[in-house]
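Text of entry_28.txt, listed as compact mmCIF, C-alpha atoms:
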# COMPACT_ATOMS: atom_id res chain seq x y z
CA MET A 1456 124.67 103.50 86.96
CA GLY A 1457 121.49 103.55 89.03
CA VAL A 1458 120.94 102.12 92.50
CA ASP A 1459 122.14 98.78 93.83
CA PHE A 1460 118.77 97.42 94.96
CA ALA A 1461 115.18 98.40 94.20
CA PHE A 1462 112.32 97.00 96.27
CA LEU A 1463 108.76 96.55 94.99
CA ASP A 1464 105.56 95.90 96.91
CA SER A 1465 101.92 96.93 96.56
CA GLY A 1466 102.41 99.35 99.46
CA THR A 1467 104.53 99.63 102.58
CA GLY A 1468 104.88 95.92 103.34
CA GLY A 1469 108.40 95.44 102.03
CA ILE A 1470 110.03 98.23 104.04
CA PRO A 1471 111.28 95.81 106.75
CA TYR A 1472 112.82 93.69 103.98
CA MET A 1473 114.77 96.67 102.67
CA LEU A 1474 115.96 97.54 106.17
CA SER A 1475 116.97 93.92 106.77
CA LEU A 1476 119.21 94.01 103.70
CA LYS A 1477 120.67 97.36 104.74
CA GLU A 1478 121.71 95.85 108.07
CA LYS A 1479 123.82 93.35 106.14
CA VAL A 1480 125.28 95.82 103.63
CA PRO A 1481 125.04 99.38 104.98
CA ASN A 1482 126.86 100.81 101.96
CA ALA A 1483 124.39 99.44 99.39
CA SER A 1484 122.13 102.03 97.78
CA CYS A 1485 118.42 101.21 97.87
CA VAL A 1486 115.14 102.65 96.67
CA TYR A 1487 111.60 101.49 97.38
CA LEU A 1488 108.41 101.65 95.31
CA GLY A 1489 105.01 100.94 96.78
CA ASP A 1490 102.69 100.35 93.83
CA THR A 1491 99.78 101.79 95.75
CA ALA A 1492 97.83 102.55 92.58
CA HIS A 1493 97.24 98.80 92.27
CA PHE A 1494 96.83 98.01 95.99
CA PRO A 1495 95.78 95.39 97.00
CA TYR A 1496 97.47 92.85 94.75
CA GLY A 1497 96.09 90.00 96.85
CA GLN A 1498 92.55 90.52 95.54
CA LYS A 1499 93.51 90.53 91.84
CA THR A 1500 93.49 87.83 89.17
CA GLN A 1501 96.77 86.37 87.94
CA LYS A 1502 96.51 88.38 84.72
CA GLU A 1503 95.94 91.59 86.67
CA VAL A 1504 98.88 90.90 89.00
CA VAL A 1505 101.24 90.23 86.08
CA ALA A 1506 100.13 93.38 84.24
CA ALA A 1507 100.39 95.66 87.29
CA ALA A 1508 103.74 94.25 88.43
CA SER A 1509 105.20 94.53 84.93
CA GLN A 1510 104.15 98.17 84.74
CA ALA A 1511 105.74 98.83 88.12
CA VAL A 1512 109.03 97.17 87.13
CA GLU A 1513 109.14 99.24 83.94
CA LEU A 1514 108.74 102.37 86.05
CA ILE A 1515 111.50 101.26 88.43
CA GLN A 1516 113.89 100.58 85.56
CA GLU A 1517 113.12 103.90 83.91
CA LYS A 1518 113.54 105.93 87.09
CA TRP A 1519 116.36 104.22 88.98
CA LYS A 1520 118.08 101.57 86.83
CA PRO A 1521 118.65 99.08 89.68
CA LYS A 1522 121.30 96.39 89.52
CA THR A 1523 118.97 93.99 91.36
CA LEU A 1524 115.23 94.01 92.00
CA VAL A 1525 113.70 92.54 95.16
CA VAL A 1526 110.00 91.76 94.80
CA ALA A 1527 109.12 92.24 98.47
CA CYS A 1528 105.61 90.89 97.97
CA ASN A 1529 104.52 87.28 98.37
CA THR A 1530 101.52 87.67 96.05
CA ILE A 1531 103.55 89.07 93.16
CA SER A 1532 106.25 86.46 93.74
CA VAL A 1533 104.01 83.37 93.73
CA THR A 1534 101.89 84.74 90.89
CA ALA A 1535 104.14 86.65 88.50
CA LEU A 1536 107.82 86.01 89.20
CA ASP A 1537 108.38 83.77 86.17
CA ASP A 1538 106.63 86.29 83.91
CA LEU A 1539 108.73 89.16 85.27
CA ARG A 1540 111.98 87.27 84.80
CA ALA A 1541 111.01 86.43 81.23
CA ARG A 1542 110.04 90.01 80.49
CA PHE A 1543 113.14 91.57 82.10
CA PRO A 1544 115.87 88.97 81.44
CA SER A 1545 118.82 91.29 82.10
CA LEU A 1546 117.60 92.27 85.57
CA PRO A 1547 118.29 89.91 88.49
CA ILE A 1548 114.95 89.53 90.29
CA VAL A 1549 114.59 88.05 93.78
CA GLY A 1550 111.17 86.94 94.98
CA THR A 1551 109.62 86.58 98.41
CA VAL A 1552 107.72 83.41 99.27
CA PRO A 1553 106.19 82.16 102.54
CA ALA A 1554 108.74 80.67 104.97
CA ILE A 1555 107.10 77.25 104.92
CA LYS A 1556 110.40 75.36 104.85
CA LEU A 1557 111.60 77.21 107.95
CA ALA A 1558 108.27 76.65 109.71
CA ALA A 1559 108.47 72.92 109.14
CA LYS A 1560 111.89 72.91 110.79
CA VAL A 1561 110.97 74.89 113.89
CA THR A 1562 107.45 73.66 114.71
CA ALA A 1563 107.26 71.26 117.65
CA ASN A 1564 103.70 70.02 117.27
CA LYS A 1565 103.60 70.04 113.44
CA ARG A 1566 100.67 72.46 113.36
CA VAL A 1567 101.52 75.58 111.39
CA GLY A 1568 99.56 78.71 110.50
CA LEU A 1569 99.99 80.60 107.22
CA LEU A 1570 98.79 84.22 107.34
CA ALA A 1571 98.79 85.84 103.91
CA THR A 1572 96.68 87.41 101.18
CA ASN A 1573 93.82 85.45 99.66
CA ALA A 1574 95.81 85.13 96.45
CA THR A 1575 98.83 83.64 98.21
CA VAL A 1576 96.95 81.13 100.36
CA ARG A 1577 94.96 79.92 97.34
CA HIS A 1578 97.83 79.78 94.86
CA PRO A 1579 99.13 76.37 93.74
CA TYR A 1580 102.69 77.59 94.38
CA SER A 1581 101.97 77.83 98.11
CA GLN A 1582 100.48 74.35 98.11
CA LYS A 1583 103.55 73.05 96.29
CA LEU A 1584 105.78 74.57 99.01
CA ILE A 1585 103.70 72.78 101.64
CA GLU A 1586 103.92 69.47 99.77
CA ASP A 1587 107.67 69.81 99.23
CA PHE A 1588 108.74 71.06 102.65
CA ALA A 1589 105.92 70.55 105.16
CA SER A 1590 104.20 67.34 104.12
CA ASP A 1591 104.36 66.09 107.72
CA CYS A 1592 102.61 69.21 109.04
CA ALA A 1593 99.03 70.37 109.24
CA VAL A 1594 99.04 73.85 107.68
CA PHE A 1595 96.13 76.15 108.49
CA LYS A 1596 95.80 78.98 105.97
CA ARG A 1597 94.20 82.34 106.56
CA GLY A 1598 93.81 85.09 103.97
CA ASP A 1599 93.29 88.38 105.77
CA PRO A 1600 92.68 91.34 103.43
CA ASP A 1601 91.14 93.39 106.25
CA LEU A 1602 94.34 93.23 108.30
CA ILE A 1603 96.43 94.13 105.25
CA ASP A 1604 94.17 97.12 104.60
CA PHE A 1605 94.56 98.22 108.23
CA ILE A 1606 98.35 98.02 107.98
CA GLU A 1607 98.48 99.97 104.73
CA LYS A 1608 96.06 102.72 105.74
CA LYS A 1609 96.03 103.03 109.53
CA LEU A 1610 98.93 101.24 111.18
CA PHE A 1611 101.46 104.04 111.56
CA THR A 1612 99.03 106.36 113.28
CA ALA A 1613 97.29 103.60 115.29
CA SER A 1614 97.62 103.05 119.04
CA ARG A 1615 98.99 99.81 120.45
CA ALA A 1616 95.49 98.85 121.57
CA GLU A 1617 94.22 99.34 118.01
CA ARG A 1618 97.06 97.24 116.60
CA LEU A 1619 96.42 94.39 119.04
CA ALA A 1620 92.71 94.49 118.26
CA ALA A 1621 93.46 94.32 114.55
CA VAL A 1622 95.62 91.18 114.85
CA ARG A 1623 93.35 89.40 117.33
CA PRO A 1624 91.06 87.61 114.80
CA ALA A 1625 94.04 86.03 113.04
CA VAL A 1626 95.78 85.08 116.28
CA ASP A 1627 92.57 83.55 117.64
CA TYR A 1628 92.10 81.53 114.45
CA PHE A 1629 95.53 79.95 114.74
CA ALA A 1630 95.15 79.42 118.48
CA ALA A 1631 91.88 77.57 117.89
CA ASN A 1632 93.82 75.23 115.58
CA ASP A 1633 96.63 74.77 118.12
CA CYS A 1634 99.32 76.22 115.83
CA ASP A 1635 102.68 76.67 117.53
CA THR A 1636 104.16 78.50 114.53
CA ILE A 1637 102.71 81.35 112.46
CA ILE A 1638 104.19 82.20 109.06
CA LEU A 1639 103.83 85.83 108.00
CA GLY A 1640 103.16 85.13 104.32
CA CYS A 1641 102.52 88.74 103.32
CA THR A 1642 105.28 91.28 103.76
CA HIS A 1643 102.81 93.77 105.25
CA PHE A 1644 102.58 91.58 108.33
CA THR A 1645 106.23 92.09 109.19
CA HIS A 1646 105.26 95.58 110.37
CA ILE A 1647 103.15 94.03 113.12
CA ALA A 1648 105.22 90.93 113.86
CA ASP A 1649 105.79 92.13 117.43
CA ASP A 1650 102.07 92.73 117.94
CA ILE A 1651 101.21 89.28 116.58
CA GLN A 1652 103.86 87.75 118.84
CA ALA A 1653 102.53 89.63 121.87
CA ALA A 1654 98.95 88.55 121.15
CA ALA A 1655 99.93 84.93 120.44
CA GLY A 1656 102.13 84.50 123.50
CA ASP A 1657 105.56 83.06 124.19
CA LYS A 1658 104.65 79.50 123.21
CA VAL A 1659 104.01 80.49 119.59
CA ARG A 1660 106.80 81.26 117.14
CA VAL A 1661 106.17 83.99 114.54
CA ILE A 1662 108.43 83.81 111.49
CA ASP A 1663 108.92 85.47 108.10
CA SER A 1664 111.33 85.31 105.16
CA ARG A 1665 113.35 88.52 105.62
CA GLU A 1666 116.63 86.75 106.32
CA GLY A 1667 116.37 84.41 103.35
CA VAL A 1668 115.37 87.16 100.93
CA ALA A 1669 118.24 89.43 101.97
CA ASN A 1670 120.76 86.60 101.61
CA GLN A 1671 119.44 85.66 98.17
CA ALA A 1672 119.54 89.28 97.00
CA LEU A 1673 123.19 89.47 97.97
CA ARG A 1674 123.94 86.18 96.22
CA VAL A 1675 122.55 87.33 92.87
CA PHE A 1676 123.81 90.92 93.06
CA PRO A 1677 126.10 91.52 90.04
CA GLY A 1678 129.11 93.28 91.55
CA ASN A 1679 130.15 95.27 94.61
CA GLN A 1680 127.60 97.42 96.42
CA ASN A 1681 128.12 101.08 95.66
CA SER A 1682 131.24 100.49 93.59
CA LEU A 1683 130.21 103.65 91.76
CA GLN A 1684 127.74 106.04 93.38
CA ASP A 1685 125.22 107.57 90.99
CA GLN A 1686 124.91 111.23 91.90
CA ASN A 1687 121.48 111.36 90.22
CA ALA A 1688 120.07 108.54 92.33
CA PRO A 1689 117.50 109.39 95.02
CA ALA A 1690 118.49 109.53 98.66
CA ASP A 1691 119.25 106.08 100.01
CA LYS A 1692 116.20 104.10 101.26
CA SER A 1693 113.78 106.62 99.72
CA PHE A 1694 110.13 105.55 99.75
CA PHE A 1695 108.05 106.31 96.66
CA PHE A 1696 104.45 105.43 95.79
CA THR A 1697 102.24 105.49 92.70
CA ALA A 1698 98.99 106.86 94.21
CA ALA A 1699 97.64 108.09 97.54
CA THR A 1700 94.80 110.03 99.08
CA ARG A 1701 95.70 112.89 101.39
CA GLU A 1702 95.10 110.61 104.38
CA GLN A 1703 97.28 107.86 102.93
CA GLU A 1704 100.09 110.29 102.17
CA ALA A 1705 100.00 111.39 105.80
CA GLU A 1706 100.23 107.73 106.82
CA TYR A 1707 103.25 107.23 104.54
CA ARG A 1708 104.97 110.30 105.94
CA ALA A 1709 104.42 108.97 109.46
CA MET A 1710 105.88 105.61 108.39
CA CYS A 1711 108.97 107.25 106.90
CA GLU A 1712 109.48 109.26 110.06
CA ARG A 1713 109.16 106.15 112.21
CA PHE A 1714 111.73 104.23 110.18
CA ALA A 1715 113.96 107.26 109.56
CA ILE A 1716 113.84 106.84 105.79
CA PRO A 1717 113.45 109.62 103.18
CA PHE A 1718 109.94 110.38 101.90
CA GLY A 1719 110.30 110.29 98.13
CA GLY A 1720 106.68 110.98 97.31
CA LEU A 1721 104.57 110.30 94.23
CA VAL A 1722 106.06 108.97 90.98
Go ahead and render the structure in this file as structure tokens.
Amino acid sequence: MGVDFAFLDSGTGGIPYMLSLKEKVPNASCVYLGDTAHFPYGQKTQKEVVAAASQAVELIQEKWKPKTLVVACNTISVTALDDLRARFPSLPIVGTVPAIKLAAKVTANKRVGLLATNATVRHPYSQKLIEDFASDCAVFKRGDPDLIDFIEKKLFTASRAERLAAVRPAVDYFAANDCDTIILGCTHFTHIADDIQAAAGDKVRVIDSREGVANQALRVFPGNQNSLQDQNAPADKSFFFTAATREQEAEYRAMCERFAIPFGGLV
């Protein structure tokens, strides 16, 4: 029977996406895999992303047999989603892409910032989204692997001052380009959305794709959530990872405690 929804990211970035879906359907069973052995996806080639993501999906299917998979990672989604759907045709797979369409609707001055991985900001898929939905906007792209690394390895034990210092270079870049809207185009950034908003100020709108991804996952879900509970499934919302140093494991435990989700450990 398996779980209702499995979430996949290169690390902890997709946790807010899982929690967003749970707010909509509290009875749905979920599990989360951070493919930390292959972190960061945003610095890999397309071939490497496809290979790593495929391996992770195989592990998810073997362990938890989900009814629906949410790829809570912009880089995997823009790079490998078609390959994953072709390789796993019986598994409904929902991707996560930058909220460019939403940004084009809410921006007042038509100057939008896209904060993401290097792979996402450079990928033709992102440019196609801009051409299709934001052709009347100036879109300023910033790949920020250092900020992603900070979030994955230090965020959950960092002070507020450290968090604000970490987001400052990105916020200053978009401020210098007069952006009134910032798209969080990597799921990791949803962890620090409040910090980015605080640093950017009230005149800037910070957006992501959590709402759209949760709604799409519910649309493609094949059946009723938790119609039959699998007694062998892990505790709901459990967080698992594929590799970690001792320091990283401590960071993941702190994250699980903060979000009140079970620490599943290494798989």
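Distances to Gln1652 in chain A were evaluated for A:Ser1590, A:Thr1612, A:Thr1636, A:Asn1679 using all atoms listed in the file, and the minimum falls at A:Thr1636.
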Task: Cys1711 in chain A environment, 10 Å, only C-alpha atoms, sequence neighbours closer than 4 positions dropped, as a VMD selection string - done: chain A and resid 1467 1470 1611 1692 to 1694 1705 to 1707 1715 to 1719
Selection above as a file: C-alpha atoms, as an mmCIF file, in the coordinates of the input:
data_model
loop_
_atom_site.group_PDB
_atom_site.id
_atom_site.type_symbol
_atom_site.label_atom_id
_atom_site.label_comp_id
_atom_site.auth_asym_id
_atom_site.auth_seq_id
_atom_site.Cartn_x
_atom_site.Cartn_y
_atom_site.Cartn_z
ATOM 1 C CA THR A 1467 104.530 99.630 102.580
ATOM 2 C CA ILE A 1470 110.030 98.230 104.040
ATOM 3 C CA PHE A 1611 101.460 104.040 111.560
ATOM 4 C CA LYS A 1692 116.200 104.100 101.260
ATOM 5 C CA SER A 1693 113.780 106.620 99.720
ATOM 6 C CA PHE A 1694 110.130 105.550 99.750
ATOM 7 C CA ALA A 1705 100.000 111.390 105.800
ATOM 8 C CA GLU A 1706 100.230 107.730 106.820
ATOM 9 C CA TYR A 1707 103.250 107.230 104.540
ATOM 10 C CA ALA A 1715 113.960 107.260 109.560
ATOM 11 C CA ILE A 1716 113.840 106.840 105.790
ATOM 12 C CA PRO A 1717 113.450 109.620 103.180
ATOM 13 C CA PHE A 1718 109.940 110.380 101.900
ATOM 14 C CA GLY A 1719 110.300 110.290 98.130
#
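If you look at CA of Lys1608 in chain A and CA of Glu1513 in chain A, they are 25.7 Å away from each other.
If all atoms listed in the file are the atoms counted, then among A:Val1480, A:Leu1474, A:Ala1554, A:Ala1648 the closest residue to Asp1663 in chain A is A:Ala1554.
Interatomic distance, CA of Leu1546 in chain A against CA of Tyr1580 in chain A: 22.7 Å.
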Any idea what's packed within 10 Å of Phe1676 in chain A, counting all atoms listed in the file, ignoring anything in its chain fewer than 4 positions away? Could you give it as a short mmCIF file (atom, residue, chain, number, x, y, z; two decimals) with C-alpha atoms, in the coordinates of the input?
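Saved as out-v4.cif:
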data_model
loop_
_atom_site.label_atom_id
_atom_site.label_comp_id
_atom_site.auth_asym_id
_atom_site.auth_seq_id
_atom_site.Cartn_x
_atom_site.Cartn_y
_atom_site.Cartn_z
CA ASP A 1459 122.14 98.78 93.83
CA PHE A 1460 118.77 97.42 94.96
CA LYS A 1522 121.30 96.39 89.52
CA THR A 1523 118.97 93.99 91.36
CA LEU A 1524 115.23 94.01 92.00
CA LEU A 1546 117.60 92.27 85.57
CA PRO A 1547 118.29 89.91 88.49
CA ILE A 1548 114.95 89.53 90.29
CA VAL A 1549 114.59 88.05 93.78
CA GLN A 1671 119.44 85.66 98.17
CA ALA A 1672 119.54 89.28 97.00
CA GLN A 1680 127.60 97.42 96.42
#
TODO: In Å, rounded to a single decimal, give me how far CA of Ala1655 in chain A is from CA of Asp1604 in chain A.
DONE: 20.8 Å
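Distance annotation: of A:Thr1534, A:Gln1703, A:Phe1494, A:Asp1691, the residue with the minimal separation from Lys1477 in chain A is A:Asp1691; atom set is all atoms listed in the file.
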TODO: Have a look at A:Leu1584, A:Ala1631, A:Leu1610, A:Leu1463 and name the one nearest to Asp1650 in chain A; count all atoms listed in the file.
DONE: A:Leu1610
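In this comparison, which uses only C-alpha atoms, the residue of A:Gly1489, A:Pro1553, A:Gly1656, A:Pro1689 approaching Arg1623 in chain A most closely is A:Gly1656.
Comparing A:Ala1621, A:Leu1639, A:Leu1536, A:Cys1634 by their smallest distance to Val1576 in chain A, the closest is A:Leu1639 (using only C-alpha atoms).
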Enclose range 1471-1482 of chain A, meaning all of its atoms listed in the file, in a box aligned along x, y and z, pad it by 6 Å on each side, and list the centre and edge lengths in Å to one decimal, as JSON.
{"center_x": 119.1, "center_y": 97.1, "center_z": 105.0, "size_x": 27.6, "size_y": 19.5, "size_z": 18.1}
Open item on the list: Residues within 12 Å of Glu1517 in chain A, please, as a list of chain:residue names. Count only C-alpha atoms; anything in the same chain fewer than 6 positions from it doesn't count.
Closed with: A:Met1456, A:Gly1457, A:Val1458, A:Ala1461, A:Gln1510, A:Ala1511, A:Ala1688, A:Val1722
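Using all atoms listed in the file, every residue with an atom at most 8 Å from the point (104.2, 79.0, 115.6) is listed here: Ala1558, Thr1562, Arg1566, Val1567, Gly1568, Cys1634, Asp1635, Thr1636, Ile1637, Ile1638, Lys1658, Val1659, Arg1660, Val1661 and Ile1662 of chain A.
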Selected residues, C-alpha atoms, written as a PDB file, keeping the file's coordinate frame, please.
ATOM      1  CA  ALA A1558     108.270  76.650 109.710  1.00  0.00           C
ATOM      2  CA  THR A1562     107.450  73.660 114.710  1.00  0.00           C
ATOM      3  CA  ARG A1566     100.670  72.460 113.360  1.00  0.00           C
ATOM      4  CA  VAL A1567     101.520  75.580 111.390  1.00  0.00           C
ATOM      5  CA  GLY A1568      99.560  78.710 110.500  1.00  0.00           C
ATOM      6  CA  CYS A1634      99.320  76.220 115.830  1.00  0.00           C
ATOM      7  CA  ASP A1635     102.680  76.670 117.530  1.00  0.00           C
ATOM      8  CA  THR A1636     104.160  78.500 114.530  1.00  0.00           C
ATOM      9  CA  ILE A1637     102.710  81.350 112.460  1.00  0.00           C
ATOM     10  CA  ILE A1638     104.190  82.200 109.060  1.00  0.00           C
ATOM     11  CA  LYS A1658     104.650  79.500 123.210  1.00  0.00           C
ATOM     12  CA  VAL A1659     104.010  80.490 119.590  1.00  0.00           C
ATOM     13  CA  ARG A1660     106.800  81.260 117.140  1.00  0.00           C
ATOM     14  CA  VAL A1661     106.170  83.990 114.540  1.00  0.00           C
ATOM     15  CA  ILE A1662     108.430  83.810 111.490  1.00  0.00           C
TER      16      ILE A1662
END
